[in-house]
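Enquirer: input_11.cif is reproduced below (mmCIF, C-alpha atoms).
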data_structure
#
loop_
_atom_site.label_atom_id
_atom_site.label_comp_id
_atom_site.auth_asym_id
_atom_site.auth_seq_id
_atom_site.Cartn_x
_atom_site.Cartn_y
_atom_site.Cartn_z
CA MET P 47 -16.45 15.28 3.30
CA ARG P 48 -19.79 15.18 5.08
CA ALA P 49 -19.78 14.76 8.85
CA ILE P 50 -18.82 11.37 10.21
CA ASP P 51 -18.43 9.84 13.61
CA TYR P 52 -15.07 8.26 14.41
CA GLN P 53 -14.70 5.21 16.61
CA ALA P 54 -11.43 3.54 17.54
CA PRO P 55 -12.35 0.33 19.33
CA THR P 56 -9.58 -1.57 21.12
CA SER P 57 -11.14 -5.01 20.89
CA LEU P 58 -12.53 -7.08 18.04
CA SER P 59 -15.87 -7.66 19.81
CA GLU P 60 -16.32 -3.94 20.34
CA ALA P 61 -15.49 -3.27 16.69
CA VAL P 62 -17.95 -5.87 15.44
CA SER P 63 -20.73 -4.52 17.64
CA ILE P 64 -20.16 -0.99 16.29
CA MET P 65 -20.10 -2.37 12.74
CA ALA P 66 -23.24 -4.43 13.33
CA ALA P 67 -25.13 -1.56 14.96
CA ASN P 68 -24.44 0.69 11.99
CA GLY P 69 -24.90 -1.78 9.14
CA ASP P 70 -23.97 -0.35 5.78
CA ARG P 71 -23.49 3.09 7.36
CA ALA P 72 -20.23 1.92 8.96
CA ARG P 73 -16.89 1.78 7.14
CA PRO P 74 -13.78 0.16 8.54
CA LEU P 75 -10.64 2.30 8.35
CA ALA P 76 -7.15 0.87 8.18
CA GLY P 77 -4.62 2.91 6.17
CA GLY P 78 -7.33 5.17 4.80
CA THR P 79 -5.56 5.60 1.48
CA ASP P 80 -8.64 4.47 -0.44
CA VAL P 81 -11.57 4.95 1.92
CA LEU P 82 -10.81 8.56 2.89
CA VAL P 83 -10.49 9.53 -0.76
CA GLN P 84 -13.78 7.78 -1.54
CA LEU P 85 -15.63 9.38 1.38
CA ARG P 86 -14.29 12.79 0.46
CA GLY P 87 -15.20 12.37 -3.18
CA GLY P 88 -18.68 11.05 -2.42
CA ARG P 89 -17.98 7.64 -3.98
CA ARG P 90 -18.75 5.96 -0.67
CA GLU P 91 -20.86 7.19 2.22
CA ALA P 92 -20.64 6.46 5.91
CA ASP P 93 -21.97 7.74 9.20
CA VAL P 94 -19.31 6.00 11.24
CA VAL P 95 -15.70 5.28 10.44
CA VAL P 96 -14.34 2.43 12.55
CA ASP P 97 -10.57 2.71 12.96
CA THR P 98 -9.23 -0.85 13.10
CA LYS P 99 -5.64 0.03 13.94
CA LYS P 100 -6.05 -0.37 17.71
CA ILE P 101 -7.47 -3.89 17.52
CA PRO P 102 -4.78 -6.50 18.36
CA GLU P 103 -6.09 -9.19 15.98
CA LEU P 104 -5.87 -6.79 13.04
CA ASN P 105 -2.27 -5.87 13.85
CA THR P 106 -0.71 -9.31 13.96
CA LEU P 107 2.27 -10.09 11.75
CA ASN P 108 3.06 -13.61 12.91
CA LEU P 109 5.31 -15.87 10.90
CA GLY P 110 5.20 -19.43 12.18
CA ASP P 111 5.00 -23.08 11.19
CA ASN P 112 1.50 -22.48 9.81
CA GLY P 113 2.61 -19.63 7.63
CA LEU P 114 1.91 -15.94 7.96
CA GLN P 115 -0.95 -14.47 9.91
CA LEU P 116 -1.23 -11.00 8.43
CA GLY P 117 -3.56 -8.66 10.32
CA ALA P 118 -5.80 -6.66 8.02
CA ALA P 119 -4.54 -3.34 9.43
CA VAL P 120 -0.81 -4.01 9.03
CA PRO P 121 0.71 -1.41 6.67
CA CYS P 122 2.88 -2.42 3.73
CA TYR P 123 6.12 -1.01 5.16
CA LYS P 124 5.88 -3.30 8.18
CA ILE P 125 5.54 -6.30 5.90
CA TYR P 126 8.58 -5.57 3.75
CA GLY P 127 10.43 -4.24 6.80
CA ASP P 128 10.26 -7.66 8.47
CA SER P 129 13.23 -9.53 7.05
CA ALA P 130 11.89 -12.99 7.90
CA VAL P 131 8.55 -12.27 6.24
CA ALA P 132 10.30 -10.73 3.26
CA ALA P 133 12.51 -13.81 2.86
CA ALA P 134 9.54 -16.19 3.10
CA TYR P 135 7.16 -14.30 0.79
CA PRO P 136 9.13 -12.35 -1.84
CA GLY P 137 6.12 -12.39 -4.18
CA LEU P 138 4.03 -10.53 -1.61
CA ILE P 139 6.90 -8.10 -1.11
CA ASP P 140 7.04 -7.43 -4.88
CA ALA P 141 3.51 -6.05 -4.59
CA ALA P 142 3.65 -4.42 -1.14
CA SER P 143 6.72 -2.42 -2.14
CA MET P 144 5.27 -1.16 -5.43
CA ILE P 145 1.85 0.08 -4.26
CA GLY P 146 1.58 3.86 -4.43
CA SER P 147 4.41 5.90 -2.96
CA ILE P 148 6.57 5.51 0.13
CA GLN P 149 3.99 7.75 1.83
CA ILE P 150 1.16 5.44 0.78
CA GLN P 151 3.10 2.32 1.82
CA GLY P 152 3.42 3.87 5.29
CA ARG P 153 -0.35 3.59 5.71
CA ALA P 154 -1.86 1.27 3.08
CA THR P 155 -2.60 -2.33 4.06
CA VAL P 156 -2.97 -5.63 2.23
CA GLY P 157 -6.28 -6.14 4.06
CA GLY P 158 -7.51 -2.79 2.84
CA ASN P 159 -6.34 -3.57 -0.69
CA LEU P 160 -8.45 -6.73 -0.59
CA CYS P 161 -11.49 -4.99 0.94
CA ASN P 162 -11.28 -2.12 -1.55
CA ALA P 163 -11.62 -4.82 -4.22
CA ALA P 164 -10.18 -2.76 -7.05
CA PRO P 165 -9.48 -5.07 -10.01
CA SER P 166 -6.01 -3.48 -10.06
CA GLY P 167 -5.14 -4.09 -6.39
CA ASP P 168 -1.48 -5.09 -6.63
CA THR P 169 -1.29 -7.22 -3.49
CA ILE P 170 -4.36 -9.31 -4.31
CA PRO P 171 -2.87 -11.59 -7.02
CA PRO P 172 0.07 -12.74 -4.86
CA VAL P 173 -2.25 -13.30 -1.89
CA ILE P 174 -4.37 -15.48 -4.19
CA THR P 175 -1.52 -17.47 -5.72
CA LEU P 176 0.06 -18.00 -2.31
CA GLY P 177 -3.17 -19.69 -1.23
CA GLY P 178 -4.28 -16.89 1.09
CA GLU P 179 -7.40 -17.23 3.15
CA ALA P 180 -9.53 -14.36 4.44
CA HIS P 181 -10.42 -14.62 8.14
CA ILE P 182 -13.63 -12.74 8.77
CA ASN P 183 -15.39 -11.98 12.04
CA GLY P 184 -18.91 -10.65 12.44
CA PRO P 185 -22.08 -10.81 14.49
CA ASN P 186 -22.38 -14.52 13.66
CA GLY P 187 -18.79 -15.37 14.58
CA TRP P 188 -15.91 -16.47 12.41
CA ARG P 189 -15.81 -17.61 8.81
CA THR P 190 -13.02 -18.06 6.30
CA MET P 191 -12.89 -18.02 2.54
CA PRO P 192 -10.21 -18.37 -0.12
CA ALA P 193 -8.82 -14.98 -1.14
CA GLU P 194 -9.90 -15.57 -4.76
CA ASP P 195 -13.56 -15.53 -3.63
CA PHE P 196 -13.30 -12.36 -1.57
CA CYS P 197 -13.67 -9.74 -4.32
CA THR P 198 -17.10 -9.94 -5.93
CA GLY P 199 -17.01 -6.98 -8.31
CA PRO P 200 -15.27 -3.65 -8.82
CA GLY P 201 -15.20 -2.12 -5.32
CA ARG P 202 -17.35 -4.90 -3.91
CA ASN P 203 -16.37 -7.68 -1.53
CA ALA P 204 -17.92 -10.67 0.18
CA LEU P 205 -18.29 -9.01 3.60
CA GLN P 206 -21.80 -8.78 5.01
CA ASP P 207 -22.95 -5.80 7.06
CA GLY P 208 -21.30 -5.93 10.47
CA GLU P 209 -18.40 -8.10 9.30
CA LEU P 210 -14.73 -7.23 9.41
CA LEU P 211 -11.79 -8.73 7.55
CA VAL P 212 -9.55 -9.54 10.52
CA ALA P 213 -6.54 -11.22 8.96
CA ILE P 214 -5.18 -12.94 5.90
CA GLN P 215 -3.62 -16.32 6.51
CA LEU P 216 -0.92 -17.33 4.05
CA PRO P 217 0.14 -20.97 4.26
CA ALA P 218 3.82 -21.69 4.87
CA PRO P 219 5.56 -21.70 1.48
CA ALA P 220 5.99 -25.26 0.19
CA ALA P 221 9.52 -26.58 -0.23
CA ASN P 222 10.99 -25.66 -3.64
CA SER P 223 8.32 -23.04 -4.28
CA GLY P 224 8.55 -19.47 -5.45
CA THR P 225 6.24 -16.54 -6.16
CA ALA P 226 6.61 -13.35 -8.17
CA TYR P 227 4.36 -10.41 -9.03
CA LEU P 228 4.87 -7.97 -11.89
CA ARG P 229 2.65 -5.26 -13.31
CA PHE P 230 2.85 -3.16 -16.41
CA ILE P 231 2.58 0.61 -16.06
CA PRO P 232 3.77 3.19 -18.57
CA ARG P 233 6.18 4.76 -16.08
CA ASN P 234 8.36 3.52 -13.25
CA GLU P 235 6.32 4.36 -10.13
CA MET P 236 3.06 5.73 -8.85
CA ASP P 237 0.61 4.30 -11.32
CA ILE P 238 -2.23 1.81 -11.50
CA ALA P 239 -1.58 -1.49 -13.24
CA VAL P 240 -2.60 -1.76 -16.88
CA ALA P 241 -2.22 -5.46 -16.16
CA GLY P 242 -0.62 -7.41 -13.32
CA VAL P 243 0.25 -11.08 -12.87
CA SER P 244 1.35 -13.17 -9.92
CA SER P 245 2.71 -16.67 -10.35
CA THR P 246 3.44 -19.24 -7.65
CA VAL P 247 5.20 -22.47 -8.65
CA THR P 248 6.21 -25.52 -6.68
CA LEU P 249 8.98 -27.62 -8.20
CA ASP P 250 10.05 -31.15 -7.38
CA ALA P 251 13.24 -31.67 -5.38
CA SER P 252 15.35 -31.71 -8.56
CA GLY P 253 14.06 -28.27 -9.50
CA GLN P 254 13.33 -29.49 -13.04
CA THR P 255 9.66 -30.46 -12.89
CA ILE P 256 6.72 -28.29 -11.91
CA GLN P 257 4.52 -30.02 -9.36
CA SER P 258 1.88 -27.29 -9.21
CA ALA P 259 1.36 -23.68 -10.17
CA ARG P 260 -1.12 -20.92 -9.49
CA ILE P 261 -1.45 -17.80 -11.63
CA ALA P 262 -3.59 -14.76 -10.78
CA LEU P 263 -4.28 -11.62 -12.78
CA ALA P 264 -4.98 -7.98 -11.93
CA SER P 265 -6.62 -5.20 -13.93
CA VAL P 266 -7.96 -7.50 -16.62
CA GLY P 267 -11.47 -8.20 -15.34
CA PRO P 268 -14.07 -6.95 -12.87
CA THR P 269 -12.16 -8.65 -10.05
CA PRO P 270 -8.70 -10.14 -9.67
CA ILE P 271 -8.79 -13.47 -11.52
CA LEU P 272 -7.37 -16.86 -10.55
CA ALA P 273 -6.38 -18.31 -13.91
CA THR P 274 -6.92 -21.94 -12.90
CA ALA P 275 -6.44 -23.58 -16.29
CA ALA P 276 -3.18 -21.71 -16.85
CA GLY P 277 -1.76 -22.83 -13.51
CA ASP P 278 -3.01 -26.40 -13.88
CA SER P 279 -1.48 -26.70 -17.36
CA LEU P 280 1.96 -26.66 -15.75
CA ALA P 281 1.37 -29.43 -13.22
CA GLY P 282 3.65 -32.39 -13.87
CA LYS P 283 5.49 -30.71 -16.73
CA ALA P 284 9.21 -30.25 -17.02
CA VAL P 285 10.29 -26.62 -16.82
CA SER P 286 10.48 -25.49 -20.44
CA ASP P 287 9.89 -22.43 -22.57
CA GLU P 288 7.06 -24.25 -24.33
CA ALA P 289 5.21 -25.05 -21.09
CA ILE P 290 5.64 -21.47 -19.90
CA GLU P 291 4.50 -20.10 -23.26
CA GLU P 292 1.38 -22.27 -23.11
CA ALA P 293 0.59 -21.11 -19.55
CA GLY P 294 0.91 -17.51 -20.73
CA ARG P 295 -1.50 -18.21 -23.57
CA LEU P 296 -4.03 -19.80 -21.19
CA ALA P 297 -3.69 -16.96 -18.69
CA SER P 298 -4.36 -14.48 -21.47
CA GLU P 299 -7.49 -16.48 -22.35
CA ALA P 300 -8.68 -16.23 -18.74
CA ALA P 301 -8.49 -12.43 -18.86
CA THR P 302 -11.69 -10.49 -19.55
CA PRO P 303 -10.33 -6.97 -19.89
CA ILE P 304 -11.99 -3.76 -21.01
CA THR P 305 -10.61 -0.91 -23.05
CA ASP P 306 -10.19 2.21 -20.95
CA MET P 307 -7.84 5.17 -20.49
CA ARG P 308 -5.05 2.84 -19.28
CA GLY P 309 -5.06 0.32 -22.07
CA THR P 310 -6.97 -1.61 -24.67
CA ILE P 311 -8.41 -5.11 -24.57
CA ARG P 312 -5.83 -6.30 -27.07
CA GLN P 313 -2.89 -4.77 -25.22
CA ARG P 314 -4.05 -6.25 -21.93
CA HIS P 315 -4.39 -9.76 -23.35
CA HIS P 316 -0.87 -9.41 -24.72
CA LEU P 317 0.46 -8.07 -21.42
CA VAL P 318 -1.03 -10.96 -19.45
CA ALA P 319 0.82 -13.48 -21.61
CA VAL P 320 4.11 -11.58 -21.30
CA LEU P 321 3.81 -10.98 -17.55
CA THR P 322 2.79 -14.58 -16.96
CA ARG P 323 5.94 -15.83 -18.70
CA ARG P 324 8.13 -13.35 -16.83
CA THR P 325 6.63 -14.04 -13.39
CA LEU P 326 6.81 -17.80 -13.96
CA ASN P 327 10.49 -17.50 -14.80
CA ILE P 328 11.19 -15.39 -11.71
CA ALA P 329 9.11 -17.73 -9.52
CA ILE P 330 11.06 -20.73 -10.86
CA ARG P 331 14.37 -19.05 -10.13
CA ARG P 332 13.16 -18.23 -6.64
CA ALA P 333 11.96 -21.79 -6.14
CA ARG P 334 15.44 -23.00 -7.05
CA GLY P 335 16.99 -20.53 -4.64
CA GLU P 336 18.72 -18.74 -7.53
CA GLU P 337 17.44 -15.29 -6.48
CA MET O 35 -23.97 15.50 14.02
CA PRO O 36 -20.85 14.43 15.88
CA GLY O 37 -19.22 17.15 17.95
CA LEU O 38 -15.66 18.30 18.11
CA VAL O 39 -13.05 15.87 19.33
CA HIS O 40 -10.17 16.86 21.59
CA VAL O 41 -6.87 15.55 20.19
CA THR O 42 -3.62 15.54 22.14
CA THR O 43 -0.56 14.96 20.04
CA THR O 44 3.10 15.91 19.77
CA ILE O 45 4.06 18.23 16.95
CA ASN O 46 7.77 18.84 16.36
CA GLY O 47 8.54 17.72 19.89
CA ASN O 48 5.97 19.91 21.62
CA GLN O 49 2.68 18.74 23.05
CA ALA O 50 -0.18 20.14 21.03
CA ASP O 51 -3.90 20.04 21.74
CA PHE O 52 -6.55 20.81 19.18
CA LEU O 53 -10.27 20.37 18.59
CA CYS O 54 -11.46 18.99 15.29
CA GLU O 55 -14.34 17.34 13.55
CA PRO O 56 -13.75 13.61 12.91
CA ARG O 57 -14.06 14.19 9.15
CA GLN O 58 -11.16 16.66 9.09
CA SER O 59 -7.83 15.46 7.73
CA LEU O 60 -4.62 15.90 9.66
CA LEU O 61 -3.63 18.35 6.93
CA GLU O 62 -6.74 20.48 7.57
CA CYS O 63 -6.10 20.31 11.30
CA LEU O 64 -2.48 21.40 10.92
CA ARG O 65 -3.28 24.25 8.57
CA ASP O 66 -6.68 25.51 9.66
CA VAL O 67 -6.84 24.58 13.35
CA VAL O 68 -3.26 24.58 14.62
CA GLY O 69 -2.20 27.31 12.18
CA MET O 70 0.84 25.52 10.78
CA THR O 71 0.64 26.13 7.06
CA GLY O 72 3.96 24.58 6.03
CA ALA O 73 2.37 21.36 4.77
CA LYS O 74 0.55 22.21 1.55
CA GLU O 75 -2.67 20.99 0.02
CA GLY O 76 -2.05 19.93 -3.55
CA CYS O 77 -4.29 17.14 -4.78
CA ASN O 78 -5.91 16.21 -1.46
CA ASP O 79 -6.05 12.56 -2.52
CA GLY O 80 -2.60 11.16 -1.86
CA ASN O 81 -1.00 11.59 -5.25
CA CYS O 82 1.18 14.69 -4.97
CA GLY O 83 2.94 14.50 -1.59
CA ALA O 84 2.78 18.27 -0.97
CA CYS O 85 1.16 17.53 2.41
CA THR O 86 3.87 15.06 3.50
CA VAL O 87 4.51 14.95 7.24
CA ASN O 88 6.27 12.43 9.41
CA LEU O 89 3.84 10.47 11.59
CA ASP O 90 5.40 8.19 14.20
CA GLY O 91 8.58 7.88 12.17
CA ARG O 92 7.03 7.27 8.74
CA ILE O 93 6.28 9.80 6.04
CA VAL O 94 2.59 9.96 5.18
CA CYS O 95 0.27 12.12 3.15
CA SER O 96 -1.44 14.15 5.88
CA CYS O 97 -4.47 14.54 3.60
CA LEU O 98 -5.01 10.78 3.97
CA VAL O 99 -4.87 10.76 7.76
CA LEU O 100 -7.75 11.93 9.93
CA GLY O 101 -6.82 14.53 12.51
CA VAL O 102 -8.32 12.30 15.20
CA GLU O 103 -5.88 9.56 14.21
CA ALA O 104 -3.05 11.80 15.46
CA GLN O 105 -4.20 11.24 19.05
CA GLY O 106 -1.10 10.18 20.99
CA ALA O 107 1.07 10.26 17.87
CA GLU O 108 4.29 12.09 17.10
CA VAL O 109 3.94 14.42 14.16
CA ASN O 110 6.94 16.12 12.58
CA THR O 111 6.38 18.80 9.98
CA ILE O 112 8.46 21.13 7.82
CA GLU O 113 8.21 23.72 10.61
CA GLY O 114 10.43 21.51 12.76
CA VAL O 115 13.18 20.89 10.21
CA ALA O 116 15.28 24.04 10.71
CA SER O 117 16.86 24.59 14.13
CA ALA O 118 17.61 27.72 16.13
CA GLU O 119 21.12 27.57 14.65
CA GLY O 120 19.88 27.80 11.11
CA LEU O 121 18.60 25.87 8.14
CA HIS O 122 18.86 22.09 7.95
CA PRO O 123 21.49 20.88 5.44
CA ILE O 124 18.66 19.70 3.16
CA GLN O 125 17.12 23.17 3.16
CA GLN O 126 20.52 24.74 2.51
CA ALA O 127 21.15 22.32 -0.35
CA PHE O 128 17.74 23.10 -1.89
CA LEU O 129 18.57 26.81 -1.80
CA GLU O 130 22.05 26.47 -3.24
CA ASN O 131 21.01 24.01 -5.95
CA ALA O 132 17.97 26.11 -6.95
CA ALA O 133 15.81 23.06 -6.31
CA LEU O 134 12.59 25.01 -6.18
CA GLN O 135 10.64 27.45 -8.23
CA CYS O 136 7.10 28.10 -6.99
CA GLY O 137 7.83 26.29 -3.72
CA ILE O 138 4.48 24.58 -3.18
CA CYS O 139 5.98 21.09 -3.35
CA THR O 140 9.12 22.00 -1.41
CA PRO O 141 7.98 21.31 2.19
CA GLY O 142 6.81 17.85 1.15
CA PHE O 143 10.06 17.11 -0.68
CA ILE O 144 12.15 18.25 2.26
CA VAL O 145 10.19 16.27 4.86
CA ALA O 146 10.33 13.19 2.61
CA ALA O 147 14.04 13.63 1.82
CA LYS O 148 14.85 14.09 5.50
CA ALA O 149 13.17 10.80 6.39
CA LEU O 150 15.37 9.08 3.80
CA LEU O 151 18.66 10.79 4.58
CA ASP O 152 18.24 10.42 8.36
CA GLU O 153 18.35 6.67 7.75
CA GLU O 154 20.43 6.51 4.58
CA PRO O 155 22.62 9.60 4.13
CA ASP O 156 24.47 7.73 1.38
CA ALA O 157 21.33 7.06 -0.66
CA ASP O 158 22.22 7.07 -4.36
CA GLU O 159 20.35 8.75 -7.17
CA ALA O 160 18.18 5.73 -7.99
CA ARG O 161 17.21 5.33 -4.35
CA ILE O 162 16.40 9.04 -4.04
CA ARG O 163 14.29 9.06 -7.21
CA HIS O 164 12.38 6.01 -6.03
CA TRP O 165 11.86 7.41 -2.52
CA LEU O 166 10.60 10.74 -3.86
CA ALA O 167 8.29 9.26 -6.52
CA GLY O 168 5.33 10.24 -4.33
CA ASN O 169 6.26 13.91 -4.42
CA LEU O 170 5.26 15.79 -7.53
CA CYS O 171 6.85 19.02 -8.75
CA ARG O 172 5.40 20.81 -11.75
CA CYS O 173 8.19 23.39 -12.07
CA THR O 174 11.68 22.00 -11.83
CA GLY O 175 11.70 18.78 -13.77
CA TYR O 176 13.07 17.02 -10.65
CA ASP O 177 16.71 17.03 -11.66
CA LYS O 178 17.69 19.93 -9.42
CA ILE O 179 15.72 18.42 -6.55
CA VAL O 180 17.52 15.10 -6.89
CA ARG O 181 20.88 16.86 -7.12
CA ALA O 182 20.03 18.88 -4.00
CA VAL O 183 19.17 15.73 -2.05
CA LEU O 184 22.41 14.08 -3.19
CA ASP O 185 24.28 17.21 -2.10
CA ALA O 186 22.42 17.23 1.23
CA GLY O 187 23.38 13.62 1.84
CA GLU O 188 27.02 14.55 1.30
CA ARG O 189 26.68 17.45 3.75
CA MET O 190 25.00 15.21 6.33
CA ARG O 191 27.69 12.55 5.99
CA ALA O 192 30.33 15.21 6.53
CA GLY O 193 28.39 16.20 9.67
#
Will you turn the file into structure tokens for me?

Expert:
Amino acid sequence: MRAIDYQAPTSLSEAVSIMAANGDRARPLAGGTDVLVQLRGGRREADVVVDTKKIPELNTLNLGDNGLQLGAAVPCYKIYGDSAVAAAYPGLIDAASMIGSIQIQGRATVGGNLCNAAPSGDTIPPVITLGGEAHINGPNGWRTMPAEDFCTGPGRNALQDGELLVAIQLPAPAANSGTAYLRFIPRNEMDIAVAGVSSTVTLDASGQTIQSARIALASVGPTPILATAAGDSLAGKAVSDEAIEEAGRLASEAATPITDMRGTIRQRHHLVAVLTRRTLNIAIRRARGEE
Amino acid sequence: MPGLVHVTTTINGNQADFLCEPRQSLLECLRDVVGMTGAKEGCNDGNCGACTVNLDGRIVCSCLVLGVEAQGAEVNTIEGVASAEGLHPIQQAFLENAALQCGICTPGFIVAAKALLDEEPDADEARIRHWLAGNLCRCTGYDKIVRAVLDAGERMRAG
């Protein structure tokens, strides 16, 4: 790795001024599991690495009436290690506990996963289907955007020079709702998704009718994809195999995969339909309190 | 060009001071600056786990941590696993179960297994295999390693 400067600011304003002063030559560092590999391999360049782990706003893990405020520098193990958070957001836990290895989960963050903007980022689809919002601070103050707008291309995100992703806000889970994330990989652990799907469903009080649903896809397009038509197709429908089958078909239509070393276009379309059906069924069971 | 940074940290219970460049990984600092070569460099990108150390109570790939990030931290490495009295039960179990061949992956496996068994000495085979998925071994086929960790858990439960 070429020489870098390392800064570890202890306040958000200090961090933003370092980021702003260095423009595109500054890189924020949270877990480092992507950015250090990229800097070492020459895939990204930086003069200054700004360690965000000492900034209070990026370390919050606050579960309250408004949902979860998840600081961008909070590592995965802290998320699944918090039993209240794990009980409230099992779909997020599905993803946070399957990323990389135990070693990686000790460092890697959901915020970093989002900023790294890999199409395969496992935590991004559940953040999207849960209605997550990115809270961004920069030289011009605060702004927020829906998580589904944050990734703009492979490895590219919506942050401007000088801006930091501070936190992800997940709304409080609606009553009778459930979320699940699954990915397909050819082995059990330590691989990158060939395809991944998160589904969030909200049922009516009887647990028999779907009020609303959101479905998001990983590894089947240049960015994670919110499959709007697939989710909307379920609204107002009774829970049934036919409705779930149709949502899987529409989700598969929303995918724009490529053929690469991990899988083919055809396989990925197929996987999206299968994983959509499976995650919908898990999400429905969770919404009913059955698991 | 940024100069050297003075890092004060605790390694295996002892205060340690070292100077490093900000770009250097904790692994490089341990091996090339501090002179502790127990943690190994395998892939240098977080896939193989040969460089596993315990940082503030969590196992991490030390190749994916900057040395400067160890400021004020507690680092525990393979060098701190055995005691003056002898080998740790995990090390003894690795020996007796022939859970190593070339040995490059072994420090990482032992540091990772210790973090698990310290918390869950009754971890079962599935739990052990899942926990150790981030440690790669190209010699043994894993079975002997898993059996050694199961054996070590039994020894640790027996005290």

Enquirer: Taking all atoms listed in the file into account and nothing else, which residues of chain O lie no more than 6 Å away from chain P? Please answer as a PyMOL selection string.

Expert: chain O and resi 36+56-57+79+93-95+98+168

Enquirer: Using the chain letters and numbering of this document, enumerate as a ChimeraX atom specification the residues selected by the PyMOL selection byres ((chain P and resi 222-232) around 6).

Expert: /P:137,140,220-221,233,239-249,325,329,332-333

Enquirer: Residues within 12 Å of Asp128 of chain P, please, as an mmCIF file with C-alpha atoms, in the frame of the given file. Count all atoms listed in the file; anything in the same chain fewer than 3 positions from it doesn't count.

Expert:
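Output (out-v3.cif):
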data_model
loop_
_atom_site.group_PDB
_atom_site.id
_atom_site.type_symbol
_atom_site.label_atom_id
_atom_site.label_comp_id
_atom_site.auth_asym_id
_atom_site.auth_seq_id
_atom_site.Cartn_x
_atom_site.Cartn_y
_atom_site.Cartn_z
ATOM 1 C CA LEU P 107 2.270 -10.090 11.750
ATOM 2 C CA ASN P 108 3.060 -13.610 12.910
ATOM 3 C CA LEU P 109 5.310 -15.870 10.900
ATOM 4 C CA LEU P 114 1.910 -15.940 7.960
ATOM 5 C CA LEU P 116 -1.230 -11.000 8.430
ATOM 6 C CA VAL P 120 -0.810 -4.010 9.030
ATOM 7 C CA PRO P 121 0.710 -1.410 6.670
ATOM 8 C CA CYS P 122 2.880 -2.420 3.730
ATOM 9 C CA TYR P 123 6.120 -1.010 5.160
ATOM 10 C CA LYS P 124 5.880 -3.300 8.180
ATOM 11 C CA ILE P 125 5.540 -6.300 5.900
ATOM 12 C CA VAL P 131 8.550 -12.270 6.240
ATOM 13 C CA ALA P 132 10.300 -10.730 3.260
ATOM 14 C CA ALA P 133 12.510 -13.810 2.860
ATOM 15 C CA ALA P 134 9.540 -16.190 3.100
ATOM 16 C CA TYR P 135 7.160 -14.300 0.790
ATOM 17 C CA PRO P 136 9.130 -12.350 -1.840
ATOM 18 C CA ILE P 139 6.900 -8.100 -1.110
#

Enquirer: Tell me which protein, DNA and RNA residues are within 9 Å of Leu166 of chain O, counting all atoms listed in the file, leaving out same-chain ones fewer than 3 positions away, and put them as a list in words.

Expert: Ser147 and Ile148 of chain P; Gly83, Phe143, Ala146, Ala147, Arg161, Ile162, Arg163, Asn169, Leu170 and Val180 of chain O

Enquirer: Evaluate the PyMOL selection byres ((chain O and resi 101) around 10) on the structure here and hand back the selected residues as a list of chain:residue names.

Expert: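 Selection result, ordered by chain and number: O:Val39, O:His40, O:Val41, O:Thr43, O:Phe52, O:Leu53, O:Cys54, O:Glu55, O:Pro56, O:Arg57, O:Gln58, O:Ser59, O:Leu60, O:Leu61, O:Glu62, O:Cys63, O:Leu64, O:Ser96, O:Cys97, O:Leu98, O:Val99, O:Leu100, O:Val102, O:Glu103, O:Ala104, O:Gln105.
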
Enquirer: Rounded to one decimal, what separation in Å do you get between atom CA of Ala293 of chain P and atom CA of Cys197 of chain P?

Expert: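 Distance between the two atoms: 23.8 Å.
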
Enquirer: For each of O:Arg172, O:His164, O:Lys178, O:Arg92, take the minimum atom-to-atom distance to Ala133 of chain O, counting all atoms listed in the file, then give the residue where this is smallest.

Expert: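 The shortest atom-to-atom distance to Ala133 of chain O comes from O:Lys178.
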
Enquirer: Name the closest residue to Gly277 of chain P among the candidates P:Arg331, P:Arg295, P:Arg90, P:Lys100; distances are taken between atoms, counting all atoms listed in the file.

Expert: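 Counting all atoms listed in the file, the residue closest to Gly277 of chain P is P:Arg295.
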
Enquirer: Apply the PyMOL selection byres ((chain P and resi 307) around 12) to the displayed file and report the matching residues as a list in words.

Expert: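 Against this file, the PyMOL selection byres ((chain P and resi 307) around 12) returns the residues Pro232, Ile238, Ala239, Val240, Ile304, Thr305, Asp306, Arg308, Gly309, Thr310 and Ile311 of chain P.
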
Enquirer: Name all residues at most 12 Å from Gly110 of chain P (count only C-alpha atoms; drop same-chain ones fewer than 5 positions away) and give them as a list in words.

Expert: Gln115, Leu116, Ala130, Val131, Ala134, Gln215, Leu216, Pro217, Ala218 and Pro219 of chain P

Enquirer: Nearest to Val266 of chain P: which of P:Glu337, P:Glu299, P:Asp70, P:Glu288 is it, counting all atoms listed in the file?

Expert: P:Glu299

Enquirer: Rounded to one decimal in Å, what is the spacing between atom CA of Met190 of chain O and atom CA of Lys148 of chain O?

Expert: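 That distance, rounded to one decimal, is 10.2 Å.
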
Enquirer: Measure the distance from atom CA of Ala167 of chain O to atom CA of Ala149 of chain O in Å and round it to one decimal.

Expert: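 Computed distance, atom CA of Ala167 of chain O to atom CA of Ala149 of chain O, equals 13.9 Å.
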
Enquirer: Which residues are near Leu205 of chain P? Cut-off 10 Å, only C-alpha atoms, ignore same chain within fewer than 4 positions. Put them as a list in words.

Expert: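 Returned residues: Cys161, Ile182, Asn183, Gly184, Phe196, Cys197, Thr198, Glu209, Leu210 and Leu211 of chain P.
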